[in-house]
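Visitor: First, the structure itself, so that you have it in front of you.
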Amino acid sequence: MTDAARPARTAAVIPAAGRGVRLGPGAPKALRTLGGIPMLIHAVRALSASRSVSLVVVVAPPDGVDGVKSLLDEYPAPERTEVRVVPGGASRQESVRCGLDALPDDVTTVLVHDAARPLVPVETVDAVIEAVRDGGAPAVVPAVPVADTVKEVEPTADGAPEPVLGTPERARLRAVQTPQGFDRATLVRAHSEVTDNVTDDASMVEQLGLQVVAVPGHEEAFKVTRPLDLVLAEAVLARRRVTDGF
Ligand code: CTP
Ligand code: MG
């Protein structure tokens, strides 16, 4: 098949190699359960629910690859979705890079999705994919307006009051979620050229001077970070069970 005839494939990289320190002691965060099912499995299901996603690359804790593989055997993805597992690294950025290295040549669009956002609706996944494929920008992030007023402070080490440096206009601020969607070549370039520590992939593309655009995210795509987030996630699942018999 020539390049032009080859269908453009969309893959999802799911970094799941973090410890979950802020969640407190226990298993690695992605393996903790919600409604009896590991968070990672919820995340794989959420991404493979999109008919556009034909490959999911799970980035596992380096010492947990075999465990993650057997978990994925226990909870298989739909037939149409290929699932690969690779070991991750010491930072989220490194883990995403490990996932990118495992992508086959025919993948042209890549989603990066936190295992810690297990409840993202498929509509959000599809909206991000569609926006990347439209070609308007090489990077797309789902984003929601922020509820709190946000202040920039000068952090203090000792718990002393922190001087406030400024207050950005709230209406112009967005909290950014995942999956973030990318033209594959752009994301690979960003990961090889940008060495600063960042907390999301899109900011690396911003550092290349390229356009990133935001599309509407979803309140259920929140990140499970602290113990209270587990309570919220269980409540969302309970509501889904009632409303869609899920
Ligand atoms: N992640 C990863 N590899 C790392 C660190 C994080 O793959 N070395 C992943 C996490 O598994 C998670 C996502 O990146 O799915 C977002 O990170 P975060 O919410 O910060 O998760 P953790 O790093 O596990 O949590 P904490 O920072 O509280 O330890
Ligand atoms: Mg972290």
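FYI, nothing fancy with the structure tokens labels: chains A, B, ... in order, residues from 1 per chain, ligands from 1 as they appear.
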Report as a tab-separated table the residues of chain A within 12 Å of ligand 2, each with its shortest atom pair and distance in Å (one decimal), using only C-alpha atoms and all ligand atoms, ordered by chain and increasing residue number.
Guide:
residue	atom	partner	partner_atom_place_in_ligand_line	distance
A:Pro15	CA	ligand 2	1 (Mg)	10.5
A:Ala16	CA	ligand 2	1 (Mg)	10.1
A:Ala17	CA	ligand 2	1 (Mg)	9.3
A:Gly18	CA	ligand 2	1 (Mg)	6.1
A:Arg19	CA	ligand 2	1 (Mg)	7.5
A:Gly20	CA	ligand 2	1 (Mg)	6.6
A:Val21	CA	ligand 2	1 (Mg)	7.5
A:Arg22	CA	ligand 2	1 (Mg)	8.1
A:Leu23	CA	ligand 2	1 (Mg)	10.3
A:Pro28	CA	ligand 2	1 (Mg)	11.2
A:Lys29	CA	ligand 2	1 (Mg)	10.0
A:Ala30	CA	ligand 2	1 (Mg)	11.6
A:Gly89	CA	ligand 2	1 (Mg)	11.8
A:Ala90	CA	ligand 2	1 (Mg)	9.9
A:Ser91	CA	ligand 2	1 (Mg)	7.5
A:Arg92	CA	ligand 2	1 (Mg)	6.8
A:Gln93	CA	ligand 2	1 (Mg)	10.1
A:Glu94	CA	ligand 2	1 (Mg)	11.9
A:Ser95	CA	ligand 2	1 (Mg)	11.2
A:Asp114	CA	ligand 2	1 (Mg)	10.3
A:Ala115	CA	ligand 2	1 (Mg)	11.4
A:Ala116	CA	ligand 2	1 (Mg)	9.8
A:Asn197	CA	ligand 2	1 (Mg)	11.9
A:Val198	CA	ligand 2	1 (Mg)	11.0
A:Thr199	CA	ligand 2	1 (Mg)	8.5
A:Asp200	CA	ligand 2	1 (Mg)	10.8
A:Lys223	CA	ligand 2	1 (Mg)	10.9
A:Val224	CA	ligand 2	1 (Mg)	10.9
A:Thr225	CA	ligand 2	1 (Mg)	8.5
A:Arg226	CA	ligand 2	1 (Mg)	11.2
Visitor: Check the DSSP output for the backbone and give back, as a list in words, the residues of stretch 179-242 of chain A in strand (DSSP E).
Guide: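 These are the residues in question: Gln180, Gly181, Phe182, Asp183, Val212, Val213, Ala214, Val215 and Pro216 of chain A.
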Visitor: With C-alpha atoms kept, could you save the residues just selected as a CSV table (one decimal), in the first residue's frame?
Guide:
chain,number,residue,atom,x,y,z
A,180,GLN,CA,-5.0,15.8,24.6
A,181,GLY,CA,-4.8,15.1,20.9
A,182,PHE,CA,-1.8,15.7,18.6
A,183,ASP,CA,-0.5,15.3,15.1
A,212,VAL,CA,-2.6,24.7,20.6
A,213,VAL,CA,-6.4,25.0,20.7
A,214,ALA,CA,-8.9,24.2,23.4
A,215,VAL,CA,-12.3,22.5,22.9
A,216,PRO,CA,-14.9,21.9,25.5
Visitor: Find the spatial neighbours of stretch 54-64 of chain A, counting only C-alpha atoms, within a cut-off of 6 Å - ignore same-chain residues fewer than 4 positions away - and output them as a list of chain:residue names.
Guide: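 My list of contacting residues is A:Ala11, A:Ala12, A:Val13, A:Ile14, A:Pro15, A:Ala16, A:Ala17, A:Thr81, A:Glu82, A:Val83, A:Arg84, A:Val85, A:Val86, A:Pro87, A:Gly88, A:Gly99.
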